[in-house]
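Chemist: Got a file for you: my_file_37.txt, compact mmCIF, C-alpha atoms.
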```txt
# COMPACT_ATOMS: atom_id res chain seq x y z
CA MET A 832 140.72 87.91 99.38
CA ASP A 833 138.33 88.66 96.51
CA ASN A 834 138.13 91.96 94.63
CA ASN A 835 134.98 93.01 96.46
CA SER A 836 136.48 92.76 99.93
CA GLN A 837 139.66 94.45 98.74
CA SER A 838 137.73 97.40 97.36
CA SER A 839 135.66 97.60 100.59
CA ILE A 840 138.81 97.71 102.70
CA GLY A 841 140.22 100.35 100.35
CA LEU A 842 137.04 102.40 100.72
CA TYR A 843 137.13 102.16 104.53
CA LYS A 844 140.81 103.11 104.58
CA ASN A 845 140.29 106.09 102.28
CA THR A 846 137.24 107.25 104.26
CA PHE A 847 139.20 107.05 107.51
CA LEU A 848 142.30 108.77 106.16
CA ALA A 849 140.32 111.53 104.43
CA GLY A 850 139.49 113.14 107.78
CA LEU A 851 143.12 113.11 108.84
CA TRP A 852 144.59 114.88 105.81
CA ASN A 853 142.81 115.27 102.44
CA GLU A 854 139.51 116.40 103.97
CA ASN A 855 140.78 117.52 107.35
CA PRO A 856 137.88 119.50 108.83
CA VAL A 857 139.99 122.43 110.00
CA PHE A 858 142.84 122.72 107.51
CA ARG A 859 140.98 121.62 104.36
CA LEU A 860 137.27 122.15 104.85
CA MET A 861 137.70 125.15 107.18
CA LEU A 862 134.91 123.86 109.42
CA GLY A 863 134.62 124.09 113.21
CA MET A 864 136.56 127.36 113.37
CA CYS A 865 134.79 128.56 116.53
CA PRO A 866 136.16 125.84 118.87
CA THR A 867 139.43 125.80 116.92
CA LEU A 868 140.06 129.39 117.88
CA ALA A 869 138.39 129.38 121.28
CA VAL A 870 139.57 126.27 123.12
CA THR A 871 143.12 125.86 121.84
CA GLY A 872 144.72 128.00 124.56
CA ALA A 873 145.84 124.79 126.28
CA VAL A 874 146.01 121.11 125.28
CA LYS A 875 143.71 119.74 128.01
CA PRO A 876 140.56 121.64 126.96
CA ALA A 877 141.40 121.13 123.28
CA PHE A 878 141.69 117.36 123.78
CA THR A 879 138.46 117.25 125.79
CA MET A 880 136.65 119.23 123.10
CA GLY A 881 138.01 116.82 120.47
CA CYS A 882 136.73 113.81 122.45
CA CYS A 883 133.29 115.42 122.77
CA VAL A 884 133.18 116.05 119.03
CA ILE A 885 134.22 112.44 118.30
CA PHE A 886 131.44 111.16 120.59
CA VAL A 887 128.79 113.40 119.02
CA LEU A 888 130.01 112.64 115.47
CA ILE A 889 129.90 108.87 115.97
CA CYS A 890 126.48 108.87 117.67
CA SER A 891 124.85 111.30 115.24
CA ASN A 892 126.31 109.52 112.20
CA ILE A 893 124.95 106.18 113.46
CA VAL A 894 121.45 107.59 114.02
CA VAL A 895 121.36 109.56 110.75
CA SER A 896 122.63 106.55 108.82
CA LEU A 897 119.98 104.28 110.36
CA MET A 898 117.13 106.62 109.49
CA ARG A 899 118.48 107.80 106.13
CA ASN A 900 115.76 106.00 104.13
CA LEU A 901 113.00 107.57 106.23
CA LEU A 902 114.23 111.16 105.96
CA LYS A 903 112.04 113.63 104.09
CA PRO A 904 114.29 116.01 102.14
CA HIS A 905 112.70 119.18 103.55
CA LEU A 906 112.88 117.92 107.14
CA ARG A 907 116.37 116.47 107.09
CA ILE A 908 118.21 119.50 108.52
CA MET A 909 115.72 119.62 111.37
CA MET A 910 116.28 115.92 112.04
CA PHE A 911 120.07 116.36 111.94
CA THR A 912 119.90 119.28 114.38
CA LEU A 913 117.61 117.35 116.73
CA THR A 914 119.93 114.34 116.68
CA ILE A 915 123.08 116.40 117.18
CA ALA A 916 121.52 118.50 119.96
CA THR A 917 120.59 115.32 121.84
CA PHE A 918 124.09 113.90 121.82
CA VAL A 919 125.69 117.25 122.61
CA THR A 920 123.40 117.59 125.64
CA ILE A 921 124.41 114.10 126.75
CA ALA A 922 128.12 114.92 126.27
CA ASP A 923 127.64 118.14 128.26
CA LEU A 924 125.91 116.27 131.11
CA ILE A 925 128.68 113.65 131.19
CA LEU A 926 131.33 116.38 131.36
CA LYS A 927 129.47 118.17 134.15
CA ALA A 928 129.19 114.92 136.09
CA PHE A 929 132.67 113.50 135.66
CA LEU A 930 134.93 116.42 134.67
CA PRO A 931 133.38 119.47 136.36
CA ASP A 932 136.55 121.58 136.17
CA MET A 933 136.94 120.89 132.47
CA SER A 934 133.25 121.59 131.91
CA ASP A 935 133.82 125.02 133.46
CA ALA A 936 136.97 125.60 131.42
CA LEU A 937 135.16 124.84 128.16
CA GLY A 938 132.19 126.98 129.20
CA PRO A 939 129.65 127.52 126.43
CA TYR A 940 131.78 125.83 123.76
CA VAL A 941 130.43 122.35 124.52
CA PRO A 942 126.77 123.31 123.92
CA LEU A 943 127.99 125.18 120.83
CA ILE A 944 129.00 121.84 119.25
CA ILE A 945 125.34 121.73 118.18
CA VAL A 946 126.09 124.37 115.58
CA ASN A 947 129.51 122.96 114.69
CA CYS A 948 129.49 122.64 110.91
CA ILE A 949 131.66 119.49 110.90
CA ILE A 950 128.92 117.39 112.45
CA ILE A 951 126.06 118.61 110.29
CA CYS A 952 128.35 118.41 107.24
CA ARG A 953 129.20 114.74 107.92
CA ALA A 954 125.54 113.92 108.56
CA GLU A 955 124.60 115.47 105.23
CA ALA A 956 127.59 114.39 103.14
CA CYS A 957 128.20 110.90 104.50
CA ALA A 958 125.74 109.44 107.02
CA SER A 959 122.57 110.32 105.10
CA LYS A 960 123.92 108.59 101.99
CA ASN A 961 125.84 105.60 103.36
CA GLY A 962 125.49 102.58 105.61
CA MET A 963 126.21 102.57 109.32
CA PHE A 964 129.69 101.04 109.20
CA ILE A 965 131.13 103.51 106.69
CA SER A 966 129.43 106.36 108.62
CA ILE A 967 131.16 105.27 111.84
CA ILE A 968 134.54 105.11 110.08
CA ASP A 969 133.93 108.54 108.59
CA ALA A 970 133.01 109.90 112.05
CA ILE A 971 136.15 108.43 113.65
CA GLY A 972 138.39 109.75 110.85
CA MET A 973 136.88 113.23 110.89
CA GLY A 974 136.76 113.33 114.69
CA LEU A 975 140.38 112.25 115.01
CA GLY A 976 141.42 114.73 112.32
CA PHE A 977 139.66 117.51 114.22
CA THR A 978 141.08 116.42 117.60
CA LEU A 979 144.64 116.12 116.29
CA THR A 980 144.42 119.54 114.67
CA LEU A 981 143.11 121.10 117.87
CA CYS A 982 145.85 119.40 119.91
CA VAL A 983 148.62 120.54 117.53
CA LEU A 984 147.38 124.15 117.62
CA ALA A 985 146.92 124.00 121.39
CA SER A 986 150.40 122.52 121.92
CA ILE A 987 152.02 125.36 119.97
CA ARG A 988 149.98 128.02 121.78
CA GLU A 989 150.44 126.52 125.26
CA LEU A 990 154.17 126.06 124.69
CA LEU A 991 154.68 129.63 123.52
CA ALA A 992 152.37 131.15 126.14
CA THR A 993 153.50 129.19 129.20
CA GLY A 994 156.49 127.03 128.20
CA ALA A 995 154.44 123.91 128.98
CA ILE A 996 152.51 121.26 127.05
CA PHE A 997 149.66 119.38 128.76
CA GLU A 998 150.66 121.39 131.86
CA VAL A 999 154.10 119.70 131.86
CA GLN A 1000 156.84 122.34 131.91
CA ILE A 1001 159.02 121.88 128.81
CA LEU A 1002 160.86 125.20 128.57
CA SER A 1003 162.65 126.64 131.56
CA LEU A 1004 161.06 129.99 132.43
CA LYS A 1005 163.17 133.10 132.92
CA GLU A 1006 161.34 133.97 136.16
CA SER A 1007 162.57 130.70 137.65
CA GLY A 1008 166.15 131.12 136.44
CA GLY A 1009 165.74 129.74 132.90
CA TRP A 1010 165.82 131.45 129.52
CA PHE A 1011 162.29 131.33 128.13
CA VAL A 1012 160.12 134.45 128.28
CA PRO A 1013 156.44 133.43 127.88
CA LEU A 1014 154.62 135.09 124.99
CA ALA A 1015 151.29 135.71 126.70
CA ALA A 1016 149.69 136.90 123.43
CA PHE A 1017 149.52 133.27 122.32
CA SER A 1018 147.03 132.48 125.07
CA MET A 1019 144.75 135.23 123.76
CA PRO A 1020 142.51 135.35 120.65
CA ILE A 1021 145.24 137.04 118.60
CA GLY A 1022 147.51 134.06 119.28
CA ALA A 1023 144.79 131.70 118.05
CA PHE A 1024 144.42 133.59 114.75
CA VAL A 1025 148.17 133.88 114.20
CA THR A 1026 148.84 130.20 114.97
CA LEU A 1027 145.94 129.02 112.81
CA GLY A 1028 147.02 131.28 109.94
CA LEU A 1029 150.61 130.08 110.07
CA MET A 1030 149.51 126.43 110.27
CA LEU A 1031 147.17 126.87 107.29
CA GLY A 1032 149.99 128.45 105.33
CA LEU A 1033 152.32 125.60 106.23
CA ILE A 1034 149.76 122.93 105.31
CA ASN A 1035 149.10 124.61 101.96
CA LEU A 1036 152.83 124.80 101.28
CA VAL A 1037 153.32 121.11 102.07
CA SER A 1038 150.32 120.16 99.90
CA LYS A 1039 151.61 122.22 96.98
CA LYS A 1040 155.04 120.63 97.21
CA ARG A 1041 153.53 117.16 97.40
CA SER A 1042 151.31 117.71 94.37
CA MET B 1458 90.62 118.69 107.47
CA GLN B 1459 91.24 115.00 107.98
CA ASP B 1460 93.38 114.94 104.84
CA LYS B 1461 95.44 117.82 106.17
CA ILE B 1462 96.04 116.02 109.47
CA LYS B 1463 96.96 112.83 107.61
CA TYR B 1464 99.36 114.78 105.40
CA PHE B 1465 100.91 116.48 108.44
CA LEU B 1466 101.41 113.17 110.24
CA LYS B 1467 102.75 111.47 107.12
CA GLN B 1468 105.31 114.21 106.68
CA SER B 1469 106.35 114.69 110.27
CA TRP B 1470 105.89 111.37 112.09
CA LEU B 1471 109.62 110.72 112.15
CA LEU B 1472 110.33 114.14 113.62
CA ILE B 1473 107.65 113.68 116.29
CA ALA B 1474 108.80 110.15 117.15
CA ALA B 1475 112.45 111.22 117.23
CA SER B 1476 111.61 114.18 119.50
CA PHE B 1477 109.97 111.84 122.00
CA PHE B 1478 112.77 109.30 121.79
CA PHE B 1479 115.56 111.86 122.12
CA GLY B 1480 113.71 113.67 124.90
CA LEU B 1481 113.46 110.39 126.76
CA LEU B 1482 117.14 109.68 126.18
CA ILE B 1483 118.13 113.07 127.63
CA ALA B 1484 115.74 112.63 130.55
CA VAL B 1485 117.21 109.20 131.40
CA THR B 1486 120.79 110.53 131.16
CA ASN B 1487 119.91 113.57 133.26
CA ALA B 1488 118.16 111.47 135.89
CA SER B 1489 121.09 109.10 136.20
CA LEU B 1490 123.70 111.88 136.43
CA LYS B 1491 121.69 114.53 138.29
CA GLU B 1492 122.86 113.58 141.76
CA ARG B 1493 126.50 113.71 140.72
CA ILE B 1494 126.08 117.01 138.82
CA ASP B 1495 124.28 118.62 141.77
CA TYR B 1496 127.01 117.39 144.08
CA ASN B 1497 129.68 118.87 141.80
CA LEU B 1498 127.86 122.19 141.59
CA ASN B 1499 126.96 122.58 145.25
CA VAL B 1500 129.42 120.58 147.28
CA TYR B 1501 132.55 119.55 145.34
CA LYS B 1502 133.54 123.00 144.06
CA TYR B 1503 132.49 124.70 147.30
CA ASN B 1504 134.48 122.30 149.49
CA LYS B 1505 137.47 122.39 147.15
CA ALA B 1506 137.62 126.20 147.29
CA ALA B 1507 136.81 126.35 151.02
CA LYS B 1508 139.55 123.85 151.92
CA VAL B 1509 142.14 126.03 150.21
CA VAL B 1510 140.97 129.25 151.87
CA LEU B 1511 140.36 127.85 155.35
CA PRO B 1512 142.01 124.44 155.78
CA GLU B 1513 141.18 124.38 159.52
CA ALA B 1514 137.45 124.30 158.79
CA ASP B 1515 135.88 120.91 159.32
CA ASN B 1516 132.35 121.77 158.32
CA PHE B 1517 130.25 124.54 156.80
CA GLU B 1518 126.81 124.89 158.40
CA GLU B 1519 124.17 126.89 156.56
CA VAL B 1520 122.84 129.70 158.77
CA ALA B 1521 121.06 131.99 156.32
CA GLU B 1522 119.55 130.45 153.22
CA SER B 1523 118.74 133.46 151.06
CA VAL B 1524 120.48 136.74 151.63
CA SER B 1525 119.69 139.20 148.85
CA VAL B 1526 122.37 141.50 147.52
CA LYS B 1527 122.12 144.33 145.01
CA THR B 1528 125.15 144.44 142.73
CA ASN B 1529 126.74 147.57 141.24
CA SER B 1530 124.88 146.95 137.98
CA GLY B 1531 121.58 147.01 139.89
CA LYS B 1532 121.03 143.26 139.61
CA GLU B 1533 119.41 141.53 142.59
CA LEU B 1534 121.21 138.30 143.57
CA THR B 1535 120.75 135.91 146.46
CA THR B 1536 123.43 134.05 148.32
CA SER B 1537 123.47 131.71 151.29
CA VAL B 1538 125.74 132.22 154.29
CA LYS B 1539 127.48 129.29 155.97
CA LYS B 1540 129.31 129.20 159.27
CA ALA B 1541 132.76 127.65 159.11
CA VAL B 1542 133.44 125.49 162.16
CA ASP B 1543 136.48 123.44 163.18
CA SER B 1544 136.46 119.86 164.43
CA ASP B 1545 135.72 121.06 168.00
CA GLY B 1546 132.72 123.07 166.84
CA ASN B 1547 134.42 126.47 167.23
CA ALA B 1548 133.26 129.13 164.77
CA LEU B 1549 136.04 130.21 162.42
CA GLY B 1550 134.19 132.62 160.12
CA TRP B 1551 131.42 133.09 157.59
CA ALA B 1552 131.41 131.86 154.02
CA PHE B 1553 129.23 132.98 151.14
CA ILE B 1554 129.28 133.09 147.35
CA CYS B 1555 129.78 136.34 145.43
CA GLU B 1556 129.01 136.78 141.75
CA GLY B 1557 129.83 139.49 139.25
CA LYS B 1558 130.58 140.19 135.61
CA GLY B 1559 134.19 139.61 134.60
CA PHE B 1560 135.91 140.14 131.24
CA ALA B 1561 134.96 136.86 129.52
CA ASP B 1562 131.94 135.76 131.53
CA LYS B 1563 130.57 135.88 135.06
CA VAL B 1564 133.01 135.30 137.94
CA GLN B 1565 131.85 133.38 140.99
CA LEU B 1566 133.93 133.50 144.15
CA LEU B 1567 133.63 131.93 147.59
CA VAL B 1568 134.45 134.52 150.22
CA ILE B 1569 135.30 133.73 153.82
CA VAL B 1570 135.35 136.51 156.42
CA ASP B 1571 136.14 136.35 160.13
CA ASN B 1572 133.51 135.96 162.87
CA ASP B 1573 132.99 139.73 163.23
CA PHE B 1574 132.86 140.44 159.50
CA GLU B 1575 135.79 142.78 160.08
CA ARG B 1576 138.57 141.07 158.12
CA MET B 1577 138.71 138.80 155.11
CA ILE B 1578 140.15 135.34 155.58
CA GLY B 1579 140.39 134.89 151.84
CA TYR B 1580 138.53 133.84 148.73
CA GLY B 1581 138.42 130.90 146.35
CA VAL B 1582 137.35 130.77 142.72
CA LEU B 1583 134.21 128.72 142.02
CA TYR B 1584 133.69 129.75 138.41
CA SER B 1585 135.84 131.79 136.09
CA ILE B 1586 136.80 131.45 132.43
CA GLU B 1587 138.90 134.61 132.34
CA THR B 1588 141.88 134.78 129.96
CA VAL B 1589 144.80 132.56 130.94
CA LYS B 1590 147.80 134.56 132.21
CA TYR B 1591 145.61 137.66 132.59
CA GLY B 1592 142.21 137.60 134.28
CA ASP B 1593 142.80 133.99 135.27
CA GLU B 1594 145.51 135.25 137.64
CA ILE B 1595 142.74 135.87 140.22
CA ARG B 1596 143.23 132.18 141.03
CA PHE B 1597 146.87 132.66 141.96
CA PRO B 1598 148.48 133.78 145.24
CA GLU B 1599 150.05 137.01 143.95
CA PHE B 1600 146.62 138.63 143.59
CA MET B 1601 144.71 136.45 146.04
CA ASN B 1602 147.05 137.04 149.00
CA GLN B 1603 146.32 140.79 148.94
CA PHE B 1604 142.91 140.00 150.44
CA LYS B 1605 144.09 137.65 153.20
CA GLY B 1606 143.59 139.55 156.44
CA ALA B 1607 142.57 142.75 154.68
CA PRO B 1608 139.67 144.83 156.08
CA ALA B 1609 136.39 143.32 154.82
CA GLY B 1610 134.91 145.68 152.22
CA GLY B 1611 135.78 149.18 151.03
CA PHE B 1612 138.44 147.96 148.64
CA GLN B 1613 140.05 150.30 146.14
CA LEU B 1614 141.84 149.20 143.01
CA SER B 1615 145.14 150.75 141.99
CA LYS B 1616 147.32 149.99 138.99
CA THR B 1617 150.60 150.22 140.87
CA GLY B 1618 151.68 149.59 144.42
CA ASP B 1619 153.12 147.01 146.77
CA LYS B 1620 151.12 143.79 146.61
CA THR B 1621 152.61 142.53 149.87
CA ILE B 1622 151.04 145.31 151.95
CA ILE B 1623 147.74 144.08 153.38
CA ASP B 1624 145.23 146.92 153.33
CA SER B 1625 142.18 148.11 151.40
CA GLU B 1626 144.26 149.05 148.37
CA ILE B 1627 144.38 146.21 145.88
CA VAL B 1628 146.96 146.25 143.10
CA ALA B 1629 145.35 145.18 139.82
CA ILE B 1630 146.62 142.32 137.68
CA THR B 1631 148.62 143.78 134.79
CA GLY B 1632 146.53 143.57 131.63
CA ALA B 1633 143.42 142.44 133.50
CA THR B 1634 142.00 145.60 135.03
CA ILE B 1635 138.41 144.61 134.17
CA THR B 1636 138.66 141.30 136.04
CA SER B 1637 140.51 142.89 138.99
CA GLN B 1638 137.86 145.62 139.18
CA ALA B 1639 135.12 142.98 139.00
CA VAL B 1640 136.58 141.17 142.03
CA VAL B 1641 136.91 144.39 144.03
CA ASP B 1642 133.38 145.53 143.09
CA MET B 1643 131.97 142.14 144.02
CA PHE B 1644 133.49 142.26 147.49
CA ASN B 1645 132.51 145.89 148.00
CA ALA B 1646 128.91 145.10 147.10
CA PHE B 1647 128.48 141.75 148.83
CA ILE B 1648 130.38 142.00 152.12
CA PRO B 1649 128.62 145.07 153.64
CA GLN B 1650 125.17 143.97 152.49
CA VAL B 1651 125.59 140.42 153.80
CA LYS B 1652 127.00 141.81 157.06
CA GLU B 1653 124.03 144.16 157.47
CA GLN B 1654 121.52 141.38 156.96
CA MET B 1655 123.40 139.07 159.30
CA GLN B 1656 123.24 141.81 161.96
CA GLU B 1657 119.51 142.24 161.31
CA LYS B 1658 119.03 138.53 161.82
CA GLY B 1659 121.02 138.71 165.06
CA LEU B 1660 123.64 136.27 163.82
CA ILE B 1661 126.57 138.59 164.48
```
Can the structure in the file be given as structure tokens, please?
Modeler:
Amino acid sequence: MDNNSQSSIGLYKNTFLAGLWNENPVFRLMLGMCPTLAVTGAVKPAFTMGCCVIFVLICSNIVVSLMRNLLKPHLRIMMFTLTIATFVTIADLILKAFLPDMSDALGPYVPLIIVNCIIICRAEACASKNGMFISIIDAIGMGLGFTLTLCVLASIRELLATGAIFEVQILSLKESGGWFVPLAAFSMPIGAFVTLGLMLGLINLVSKKRS
Amino acid sequence: MQDKIKYFLKQSWLLIAASFFFGLLIAVTNASLKERIDYNLNVYKYNKAAKVVLPEADNFEEVAESVSVKTNSGKELTTSVKKAVDSDGNALGWAFICEGKGFADKVQLLVIVDNDFERMIGYGVLYSIETVKYGDEIRFPEFMNQFKGAPAGGFQLSKTGDKTIIDSEIVAITGATITSQAVVDMFNAFIPQVKEQMQEKGLI
């Protein structure tokens, strides 16, 4: 393997891994806070939201990357928004057609992906400056980073609020003869803020220790 | 003038072309999924809720397409009334959709009342994104069962009481008074008005 291919592989690897840790959209860039707080009451909606974001990120990054040389600087944000809105609408239609119950559960938060900063940020920071392949890798990395974060937060909240994860009962509830008393506050907005705050603190602590 | 048009087109051709292309893409997606989405909205959710409330029902025949109802907030809504029939064609009751404002968003319920509009058979949730463990409890038997067999309409909400007693007094979900009140208000507004219009039409 020559030096060129090695450095390309290294670049792809770093781009992919950046979204998972160093540039994690939620814990590092503090982007996409609206769905992070709103749909993490349970793992199922959080996972679905993550999949929608991955789909929109990949599609919009491909389109933006392909038209990057044609973009006029003063019209680029408009083009990004148009592109993102198209793929969000498609994702919303697909959800309504194939997962109607989940579409209801997510409510307005799917259409709100249009104004999710992660997607516009990746279009501006990566896709409009790089080729299609690296833009796709960036989209997958960022999308997975966002989805994993949402799922971790949702798992903690669902477990503490209902004793279950992915609707599978893990902790034995007191009302059915067990020991666990559900902390309903974790299914509410306050639980989202507390969990996110604690997770951010933990991530910062780990990062500090590592550096 | 021509220069201005040329400048405009030079600057914005990509935006115009992209708008057409993306519009077409959405139109194609919508056209290919429309049938399924309409089915989900009108039939799937309705049947799913109706089967839970009245499992004996084999079919729901539409008898009144647009019955208008004035809600407590003064909003005018329309609903359609369907007759629930069993496999032998016997009428089991009337079903219609109620809508009202909950805590998080609107709440849409499918209500089924008996043939005389005297007692409720029950209700099913068609749309609700109320808070899990609080307002969302309207989906669960503890709250729902209070309406099964209760007099249709004239409900009153109370914060305490025995939930197993079937009467007009409905015990609210703890921590979700707004949602509980919304359900009670919805039934109190819809049931008498739908009944009145059904009587006017000579259907009951």
Chemist: Give as a PyMOL selection string every residue of chain A that touches chain B within 9 Å, counting only C-alpha atoms.
Modeler: chain A and resi 872+898+901-903+906+909-910+913-914+917-918+920-921+924-925+927-929+931-932+935-938+992-993+1015+1018-1019
Chemist: For the atom pair atom CA of B:Asp1624 and atom CA of B:Gln1603, what is the interatomic distance in Å to one decimal place?
Modeler: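 Atom CA of B:Gln1603 lies 7.6 Å from atom CA of B:Asp1624.
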Chemist: When you count all atoms listed in the file, which of these residues is closest to B:Arg1596: B:Leu1511, B:Pro1608, B:Ile1630, B:Leu1549?
Modeler: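 Using all atoms listed in the file, B:Arg1596 sits closest to B:Ile1630.
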Chemist: Separation of atom CA of A:Leu930 and atom CA of A:Thr879, in Å?
Modeler: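 Interatomic distance, atom CA of A:Leu930 to atom CA of A:Thr879: 9.6 Å.
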Chemist: Could you give me, as a ChimeraX atom specification, the residues within 12 Å of A:Leu1004, counting only C-alpha atoms and dropping anything in the same chain fewer than 2 positions from it?
Modeler: /A:990-995,1000-1002,1006-1014
Chemist: Taking into account all atoms listed in the file, which residue in the set A:Val894, A:Leu979, A:Ile1034, A:Ala956 is nearest to A:Thr871?
Modeler: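 Of the candidates, the smallest distance to A:Thr871 is held by A:Leu979.
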Chemist: Between atom CA of B:Val1582 and atom CA of B:Lys1505, what is the spacing in Å?
Modeler: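 Distance between the two atoms: 9.5 Å.
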Chemist: Determine, counting all atoms listed in the file, which protein, DNA and RNA residues have an atom within 9 Å of an atom of A:Ile885; residues of the same chain fewer than 5 positions away are not included. Present the result as JSON, numbers by chain.
Modeler: {"A": [880, 890, 970, 971, 972, 973, 974, 975, 977, 978]}
Chemist: Which residues come within 12 Å of A:Leu860, counting all atoms listed in the file, excluding same-chain residues fewer than 2 positions away, as a VMD selection string?
Modeler: chain A and resid 849 to 858 862 to 864 948 to 949 952 to 953 973 976 to 977 1031
Chemist: May I have the protein, DNA and RNA residues with any atom at most 12 Å from the point (137.9, 146.0, 140.9), counting all atoms listed in the file, written as a ChimeraX atom specification?
Modeler: /B:1529,1557-1560,1592,1595,1600,1610-1616,1625-1630,1633-1646
Chemist: Which residues, written as a list in words, have at least one atom at most 9 Å from B:Ala1609, with all atoms listed in the file counted and residues fewer than 3 positions away on the same chain left out?
Modeler: Val1570, Asp1571, Phe1574, Glu1575, Arg1576, Met1577, Ile1578, Phe1604, Gly1606, Phe1612, Ser1625, Phe1644, Asn1645, Ile1648 and Pro1649 of chain B
Chemist: Would you list the contacts of A:Val941 as a list in words, taking every protein, DNA or RNA residue within 9 Å and counting only C-alpha atoms, but skipping same-chain residues closer than 4 positions in sequence?
Modeler: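 So, after excluding close chain neighbours, the residues are Pro866, Met880, Cys883, Val884, Val919, Thr920, Ala922, Asp923, Ser934, Leu937 and Ile945 of chain A.
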Chemist: Which stretch 1609-1661 of chain B residues have any atom within 7 Å of an atom of stretch 1522-1527 of chain B, and for each, what is the nearest pair of atoms with distance in Å to one decimal, counting only C-alpha atoms, rows sorted by chain and number, as CSV?
Modeler:
```
residue,atom,partner,partner_atom,distance
B:Phe1647,CA,B:Val1526,CA,6.3
B:Gln1650,CA,B:Val1526,CA,6.2
B:Val1651,CA,B:Val1524,CA,6.7
```
Chemist: Using all atoms listed in the file and a cutoff of 10 Å, can you tell me which residues are near (133.9, 120.9, 161.7) in the file's coordinates, and write them out as JSON, numbers by chain?
Modeler: {"B": [1513, 1514, 1515, 1516, 1517, 1518, 1540, 1541, 1542, 1543, 1544, 1545, 1546, 1547, 1548, 1549]}
Chemist: Save out the residues we just selected, C-alpha atoms, as a PDB file, in the frame of the given file.
Modeler:
```
ATOM      1  CA  GLU B1513     141.180 124.380 159.520  1.00  0.00           C
ATOM      2  CA  ALA B1514     137.450 124.300 158.790  1.00  0.00           C
ATOM      3  CA  ASP B1515     135.880 120.910 159.320  1.00  0.00           C
ATOM      4  CA  ASN B1516     132.350 121.770 158.320  1.00  0.00           C
ATOM      5  CA  PHE B1517     130.250 124.540 156.800  1.00  0.00           C
ATOM      6  CA  GLU B1518     126.810 124.890 158.400  1.00  0.00           C
ATOM      7  CA  LYS B1540     129.310 129.200 159.270  1.00  0.00           C
ATOM      8  CA  ALA B1541     132.760 127.650 159.110  1.00  0.00           C
ATOM      9  CA  VAL B1542     133.440 125.490 162.160  1.00  0.00           C
ATOM     10  CA  ASP B1543     136.480 123.440 163.180  1.00  0.00           C
ATOM     11  CA  SER B1544     136.460 119.860 164.430  1.00  0.00           C
ATOM     12  CA  ASP B1545     135.720 121.060 168.000  1.00  0.00           C
ATOM     13  CA  GLY B1546     132.720 123.070 166.840  1.00  0.00           C
ATOM     14  CA  ASN B1547     134.420 126.470 167.230  1.00  0.00           C
ATOM     15  CA  ALA B1548     133.260 129.130 164.770  1.00  0.00           C
ATOM     16  CA  LEU B1549     136.040 130.210 162.420  1.00  0.00           C
TER      17      LEU B1549
END
```
Chemist: Output stretch 1637-1648 of chain B with N, CA and C atoms present, as a PDB file, in the frame of the given file.
Modeler:
```
ATOM      1  N   SER B1637     140.119 142.444 137.638  1.00  0.00           N
ATOM      2  CA  SER B1637     140.510 142.890 138.990  1.00  0.00           C
ATOM      3  C   SER B1637     139.420 143.794 139.565  1.00  0.00           C
ATOM      4  N   GLN B1638     138.914 144.702 138.725  1.00  0.00           N
ATOM      5  CA  GLN B1638     137.860 145.620 139.180  1.00  0.00           C
ATOM      6  C   GLN B1638     136.597 144.829 139.539  1.00  0.00           C
ATOM      7  N   ALA B1639     136.311 143.796 138.744  1.00  0.00           N
ATOM      8  CA  ALA B1639     135.120 142.980 139.000  1.00  0.00           C
ATOM      9  C   ALA B1639     135.206 142.326 140.383  1.00  0.00           C
ATOM     10  N   VAL B1640     136.398 141.824 140.729  1.00  0.00           N
ATOM     11  CA  VAL B1640     136.580 141.170 142.030  1.00  0.00           C
ATOM     12  C   VAL B1640     136.374 142.183 143.161  1.00  0.00           C
ATOM     13  N   VAL B1641     137.019 143.339 143.012  1.00  0.00           N
ATOM     14  CA  VAL B1641     136.910 144.390 144.030  1.00  0.00           C
ATOM     15  C   VAL B1641     135.455 144.855 144.184  1.00  0.00           C
ATOM     16  N   ASP B1642     134.788 145.089 143.052  1.00  0.00           N
ATOM     17  CA  ASP B1642     133.380 145.530 143.090  1.00  0.00           C
ATOM     18  C   ASP B1642     132.486 144.495 143.752  1.00  0.00           C
ATOM     19  N   MET B1643     132.761 143.232 143.440  1.00  0.00           N
ATOM     20  CA  MET B1643     131.970 142.140 144.020  1.00  0.00           C
ATOM     21  C   MET B1643     132.057 142.167 145.539  1.00  0.00           C
ATOM     22  N   PHE B1644     133.294 142.257 146.030  1.00  0.00           N
ATOM     23  CA  PHE B1644     133.490 142.260 147.490  1.00  0.00           C
ATOM     24  C   PHE B1644     132.866 143.509 148.119  1.00  0.00           C
ATOM     25  N   ASN B1645     133.058 144.641 147.457  1.00  0.00           N
ATOM     26  CA  ASN B1645     132.510 145.890 148.000  1.00  0.00           C
ATOM     27  C   ASN B1645     130.988 145.876 148.048  1.00  0.00           C
ATOM     28  N   ALA B1646     130.367 145.161 147.103  1.00  0.00           N
ATOM     29  CA  ALA B1646     128.910 145.100 147.100  1.00  0.00           C
ATOM     30  C   ALA B1646     128.404 144.027 148.073  1.00  0.00           C
ATOM     31  N   PHE B1647     129.011 142.874 148.062  1.00  0.00           N
ATOM     32  CA  PHE B1647     128.480 141.750 148.830  1.00  0.00           C
ATOM     33  C   PHE B1647     128.757 141.842 150.338  1.00  0.00           C
ATOM     34  N   ILE B1648     130.011 142.122 150.696  1.00  0.00           N
ATOM     35  CA  ILE B1648     130.380 142.000 152.120  1.00  0.00           C
ATOM     36  C   ILE B1648     129.531 142.919 153.030  1.00  0.00           C
TER      37      ILE B1648
END
```
